[in-house]
Structure formats: structure tokens, C-alpha cells
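Student: Here you go, work_3.cif (mmCIF, C-alpha atoms):
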data_my_file
#
loop_
_atom_site.label_atom_id
_atom_site.label_comp_id
_atom_site.auth_asym_id
_atom_site.auth_seq_id
_atom_site.Cartn_x
_atom_site.Cartn_y
_atom_site.Cartn_z
CA MET M 1137 27.17 45.35 10.61
CA THR M 1138 23.80 43.97 9.55
CA GLY M 1139 21.96 42.93 12.66
CA THR M 1140 19.38 44.17 15.09
CA ALA M 1141 19.25 44.67 18.81
CA THR M 1142 15.44 44.95 18.73
CA LEU M 1143 13.21 41.91 18.60
CA THR M 1144 9.70 42.04 17.16
CA LEU M 1145 6.69 39.91 17.99
CA GLY M 1146 7.48 37.98 14.82
CA GLY M 1147 10.99 37.27 16.05
CA LEU M 1148 9.57 36.08 19.36
CA LEU M 1149 7.17 33.84 17.43
CA ALA M 1150 10.05 32.27 15.49
CA ALA M 1151 12.01 31.61 18.69
CA LEU M 1152 8.98 30.16 20.46
CA LEU M 1153 8.23 27.81 17.54
CA VAL M 1154 11.79 26.46 17.61
CA LEU M 1155 11.61 26.17 21.42
CA ILE M 1156 8.33 24.24 21.21
CA ALA M 1157 9.75 21.96 18.51
CA ASN M 1158 12.64 21.12 20.83
CA LEU M 1159 10.61 20.73 24.04
CA TYR M 1160 7.72 18.72 22.56
CA PRO M 1161 9.64 15.41 22.19
CA TRP M 1162 10.90 15.77 25.76
CA TRP M 1163 7.42 16.60 27.09
CA THR M 1164 5.74 13.68 25.33
CA GLY M 1165 8.58 11.26 26.13
CA ASN M 1166 10.13 10.15 29.41
CA ARG M 1167 11.07 13.71 30.39
CA GLU M 1168 14.67 12.79 31.05
CA MET M 1169 16.99 15.77 31.43
CA LYS M 1170 19.56 14.22 29.11
CA GLN M 1171 17.06 14.75 26.26
CA LEU M 1172 17.49 18.51 26.76
CA ALA M 1173 21.29 18.45 26.97
CA ALA M 1174 21.97 19.22 23.31
CA PHE M 1175 19.49 22.10 23.31
CA GLY M 1176 21.04 23.42 26.53
CA LYS M 1177 24.53 23.35 25.02
CA GLY M 1178 23.35 25.54 22.17
CA PHE M 1179 21.61 27.91 24.56
CA ILE M 1180 24.75 28.24 26.69
CA ALA M 1181 26.87 29.02 23.62
CA ALA M 1182 24.34 31.66 22.57
CA ALA M 1183 24.41 33.22 26.03
CA CYS M 1184 28.20 33.47 25.90
CA ALA M 1185 27.99 34.99 22.41
CA ALA M 1186 25.35 37.46 23.62
CA ALA M 1187 27.76 38.66 26.31
CA CYS M 1188 30.24 39.67 23.59
CA PRO M 1189 29.78 43.33 22.62
CA GLY M 1190 31.11 42.81 19.08
CA GLY M 1191 33.31 40.62 16.97
CA LEU M 1192 32.08 37.51 15.20
CA LEU M 1193 30.16 36.20 18.21
CA GLY M 1194 28.44 39.53 18.84
CA TRP M 1195 27.59 39.85 15.16
CA ALA M 1196 26.09 36.34 15.06
CA HIS M 1197 23.99 37.19 18.12
CA THR M 1198 22.48 40.33 16.59
CA ARG M 1199 22.10 38.67 13.18
CA SER M 1200 19.94 35.94 14.71
CA GLY M 1201 17.46 38.64 15.72
CA THR M 1202 17.27 39.90 12.15
CA ILE M 1203 16.66 36.39 10.85
CA ALA M 1204 14.06 35.63 13.53
CA ASN M 1205 12.23 38.91 12.92
CA GLY M 1206 11.96 38.29 9.18
CA ALA M 1207 10.93 34.63 9.43
CA GLY M 1208 8.54 35.18 12.32
CA GLU M 1209 6.85 38.21 10.79
CA ARG M 1210 6.22 36.29 7.56
CA THR M 1211 4.96 33.26 9.47
CA GLY M 1212 2.66 35.34 11.67
CA SER M 1213 1.29 37.27 8.72
CA VAL M 1214 0.61 34.16 6.64
CA ALA M 1215 -0.86 32.18 9.54
CA THR M 1216 -3.04 34.88 11.09
CA GLY M 1217 -3.29 37.77 8.64
CA THR M 1218 -2.07 40.24 11.27
CA SER M 1219 1.14 42.19 11.54
CA SER M 1220 3.68 41.03 14.09
CA ALA M 1221 6.22 43.79 13.48
CA SER M 1222 5.70 45.47 16.87
CA GLY M 1223 8.90 45.74 18.85
CA ILE M 1224 9.59 44.11 22.21
CA THR M 1225 11.57 45.83 24.96
CA ASN M 1226 15.18 45.03 24.21
CA GLY M 1227 17.96 44.08 26.56
CA GLN M 1228 21.58 43.03 26.42
CA LEU M 1229 24.30 41.54 28.54
CA LEU M 1230 26.92 44.12 29.53
CA GLY M 1231 30.29 44.14 31.23
CA LEU M 1232 32.38 41.44 29.56
CA SER M 1233 36.12 42.05 30.07
CA ALA M 1234 39.08 40.68 28.13
CA THR M 1235 39.54 37.82 30.61
CA GLY M 1236 35.84 36.97 30.45
CA ALA M 1237 36.00 37.02 26.66
CA VAL M 1238 38.62 34.26 26.76
CA ILE M 1239 36.22 32.05 28.71
CA ALA M 1240 33.27 32.95 26.45
CA VAL M 1241 35.24 31.91 23.36
CA CYS M 1242 36.34 28.67 25.06
CA VAL M 1243 32.73 27.81 25.96
CA VAL M 1244 31.53 28.46 22.40
CA PHE M 1245 34.45 26.39 21.09
CA LEU M 1246 33.49 23.49 23.38
CA VAL M 1247 29.94 23.61 22.03
CA VAL M 1248 31.28 23.62 18.46
CA LEU M 1249 33.30 20.51 19.29
CA ALA M 1250 30.19 18.90 20.80
CA TYR M 1251 28.27 19.82 17.64
CA LYS M 1252 30.88 18.18 15.43
CA ALA M 1253 30.74 14.97 17.51
CA ALA M 1254 26.94 14.89 17.75
CA GLY M 1255 24.51 12.84 15.71
CA LYS M 1256 22.12 14.37 13.21
CA GLN M 1257 19.27 14.89 15.70
CA ASP M 1258 21.50 16.42 18.39
CA LYS M 1259 23.08 18.76 15.83
CA LYS M 1260 19.61 20.13 15.11
CA ARG M 1261 18.95 20.51 18.81
CA ILE M 1262 22.23 22.35 19.42
CA LEU M 1263 21.45 24.75 16.57
CA GLY M 1264 17.91 25.17 17.91
CA GLY M 1265 19.21 26.00 21.37
CA ALA M 1266 21.68 28.50 19.95
CA PHE M 1267 18.96 30.18 17.89
CA VAL M 1268 16.44 30.36 20.72
CA GLY M 1269 19.04 31.53 23.22
CA SER M 1270 20.42 34.20 20.95
CA VAL M 1271 16.99 35.53 20.01
CA LEU M 1272 15.56 35.51 23.53
CA LEU M 1273 18.67 37.24 24.87
CA LEU M 1274 17.67 40.25 22.80
CA THR M 1275 14.74 40.76 25.21
CA ALA M 1276 14.91 42.67 28.46
CA GLY M 1277 13.48 39.81 30.52
CA VAL M 1278 15.88 37.04 29.48
CA ALA M 1279 18.89 39.37 29.34
CA GLY M 1280 17.96 40.66 32.80
CA ALA M 1281 17.65 37.11 34.15
CA LEU M 1282 21.15 36.32 32.86
CA ALA M 1283 22.72 39.66 33.83
CA TRP M 1284 25.06 37.73 36.16
CA LEU M 1285 26.71 35.88 33.26
CA PRO M 1286 29.32 38.50 32.19
CA ASP M 1287 30.52 38.79 35.80
CA ALA M 1288 30.76 34.99 36.09
CA LEU M 1289 32.75 34.82 32.84
CA ASN M 1290 35.00 37.67 34.01
CA THR M 1291 35.64 36.06 37.40
CA THR M 1292 36.40 32.69 35.82
CA GLY M 1293 38.73 34.37 33.34
CA VAL M 1294 40.63 36.17 36.11
CA ALA M 1295 40.99 32.87 38.01
CA VAL M 1296 42.37 31.13 34.91
CA VAL M 1297 44.82 33.96 34.20
CA ASP M 1298 45.94 34.02 37.84
CA ALA M 1299 46.49 30.25 37.79
CA VAL M 1300 48.50 30.42 34.58
CA GLN M 1301 50.61 33.28 35.92
CA GLY M 1302 51.21 31.46 39.19
CA THR M 1303 49.52 34.10 41.33
CA GLY M 1304 49.21 32.82 44.88
CA VAL M 1305 51.33 29.74 44.17
CA LEU M 1306 54.69 31.10 45.24
#
Represent the structure from my file as C-alpha cells, please.

Tutor:
Amino acid sequence: MTGTATLTLGGLLAALLVLIANLYPWWTGNREMKQLAAFGKGFIAAACAAACPGGLLGWAHTRSGTIANGAGERTGSVATGTSSASGITNGQLLGLSATGAVIAVCVVFLVVLAYKAAGKQDKKRILGGAFVGSVLLLTAGVAGALAWLPDALNTTGVAVVDAVQGTGVL
């Protein structure tokens, strides 16, 4: 598995640049929430992927950190002449169960469907949201703020399984 669970200052720089590129048109425009919807969809998919401890979604989550670290460290070095390879306190989402994993995959699948139906500009925003979300969820602060997500996925998954099995119906 070629990925990292540690984000560097360069990786943070890369994520912040993509975040700024996505927020700037909203900030300078009418500031309508619908302008942020595509970015939010990508972020939500990344959060669900970050809750996965392994598999393809977990691998993609950790791989985004490796990509961000490399790109951001090069950008920081070229732009400022300083090293941005210092690590940031890492964090992760823990506690996803098998029932929660079903919901996580369904959410990511819904975002993939939205991506396929989106226009060129919204496709870029969805990818930007996924990148920023995945990278920032490698930090202790953002992962800590979303620590409730695995439990919410697990609870939703249990409710779906119970409904399908007819629990409480008969």
C-alpha cells in the first residue's frame, strides 16, 4: 500500500490552494450556497472514504495525502525557497462497522453518479472537494471534528439492515 497517514505543511498548502480556488468564485459572486454544492459533494464522499480503514476507498484516502505532500512541498519550495516537509499532527476516523461500510459505499457511489451527470465546471469542483476533504481528514483537527461520522454511518447502516430484514415490522 503506497500512501501516507501523515500530512506535511506542503500537503496542507496543496489542500488550501485547492480550497481557495473553489471558494474564491463563491466569495466574489453572489455567495449562494448552491455554488458550493458540487464541492460539498466531493468533500462528503472523501469523508466517507476516510472512515474506511482499508480497501479501495481507504487506499484512495491515504494516497491523496502522498500526492498532496509531494505537490505542496514542491510548490512551497519553489514559491518561497523554504522547506515545507514538517509533519502535522495526524488523525483518522475510527470505528466503521460492516453495516456502516455499506452506507459509506452507497454515499460514494451517489457522488460518482453526480459526477458523471455534472458539467465540466462541477466535475472539477467535485474532484476539488474530494481532494481537500481527503487531505484535511488526515489532520487531527478535521478528523476530530468529524469523529461522529463513523457512528452515524453505522447507525444508518443498522437501520437499513433492520428495515430490510423486517425487524420491528411484524

Student: Give one line per residue of stretch 1218-1282 of chain M that approaches stretch 1145-1156 of chain M to at most 7 Å, naming the two atoms of the closest pair and their distance in Å to one decimal, counting only C-alpha atoms; sort by chain then ascending residue number and deliver it as JSON lines.

Tutor:
{"residue": "M:Ser1220", "atom": "CA", "partner": "M:Gly1146", "partner_atom": "CA", "distance": 4.9}
{"residue": "M:Ala1221", "atom": "CA", "partner": "M:Leu1145", "partner_atom": "CA", "distance": 6.0}
{"residue": "M:Ser1222", "atom": "CA", "partner": "M:Leu1145", "partner_atom": "CA", "distance": 5.8}
{"residue": "M:Gly1223", "atom": "CA", "partner": "M:Leu1145", "partner_atom": "CA", "distance": 6.3}
{"residue": "M:Ile1224", "atom": "CA", "partner": "M:Leu1145", "partner_atom": "CA", "distance": 6.6}
{"residue": "M:Gly1264", "atom": "CA", "partner": "M:Val1154", "partner_atom": "CA", "distance": 6.3}
{"residue": "M:Val1268", "atom": "CA", "partner": "M:Ala1151", "partner_atom": "CA", "distance": 5.0}
{"residue": "M:Val1271", "atom": "CA", "partner": "M:Ala1151", "partner_atom": "CA", "distance": 6.5}

Student: With C-alpha atoms retained, could you export that selection as a PDB file, keeping the file's coordinate frame?

Tutor:
ATOM      1  CA  SER M1220       3.680  41.030  14.090  1.00  0.00           C
ATOM      2  CA  ALA M1221       6.220  43.790  13.480  1.00  0.00           C
ATOM      3  CA  SER M1222       5.700  45.470  16.870  1.00  0.00           C
ATOM      4  CA  GLY M1223       8.900  45.740  18.850  1.00  0.00           C
ATOM      5  CA  ILE M1224       9.590  44.110  22.210  1.00  0.00           C
ATOM      6  CA  GLY M1264      17.910  25.170  17.910  1.00  0.00           C
ATOM      7  CA  VAL M1268      16.440  30.360  20.720  1.00  0.00           C
ATOM      8  CA  VAL M1271      16.990  35.530  20.010  1.00  0.00           C
TER       9      VAL M1271
END

Student: Where does the PyMOL selection byres ((chain M and resi 1231) around 8) land in this file, that is, which residues does it pick, as number ranges by chain?

Tutor: M: 1187, 1229-1230, 1232-1233, 1286-1287

Student: Could you spell out the hits of the PyMOL selection byres ((chain M and resi 1141) around 10) on the shown file, as an MDAnalysis selection string?

Tutor: chainID M and resid 1139:1140 1142:1143 1197:1202 1225:1228 1271 1273:1275

Student: Within 12 Å of M:Gly1236, counting only C-alpha atoms, which residues qualify if same-chain residues fewer than 4 places away don't, as a PyMOL selection string?

Tutor: chain M and resi 1184-1185+1187-1189+1230-1232+1240-1243+1285-1297

Student: Excluding same-chain residues fewer than 5 positions from M:Ile1262, what lies within 10 Å of it counting all atoms listed in the file, as a ChimeraX atom specification?

Tutor: /M:1158,1172-1181,1247-1248,1250-1251,1254,1257,1267-1268

Student: State, in Å with one decimal place, the distance from atom CA of M:Ala1186 to atom CA of M:Arg1167.

Tutor: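 Interatomic distance here is 28.5 Å.
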
Student: Counting all atoms listed in the file, which residue out of M:Met1169, M:Leu1159, M:Ala1281, M:Ala1182 sits closest to M:Leu1263?

Tutor: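 Comparing M:Met1169, M:Leu1159, M:Ala1281, M:Ala1182 against M:Leu1263, the winner is M:Ala1182.
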
Student: Taking all atoms listed in the file into account, name the residue in M:Ala1207, M:Ala1237, M:Ala1283, M:Ala1157 that is nearest to M:Gly1190.

Tutor: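 So, comparing all the options, the nearest one is M:Ala1237.
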
Student: Figure out the distance between atom CA of M:Tyr1160 and atom CA of M:Thr1218, please, to one decimal in Å.

Tutor: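 Spanning atom CA of M:Thr1218 to atom CA of M:Tyr1160 is a straight-line distance of 26.2 Å.
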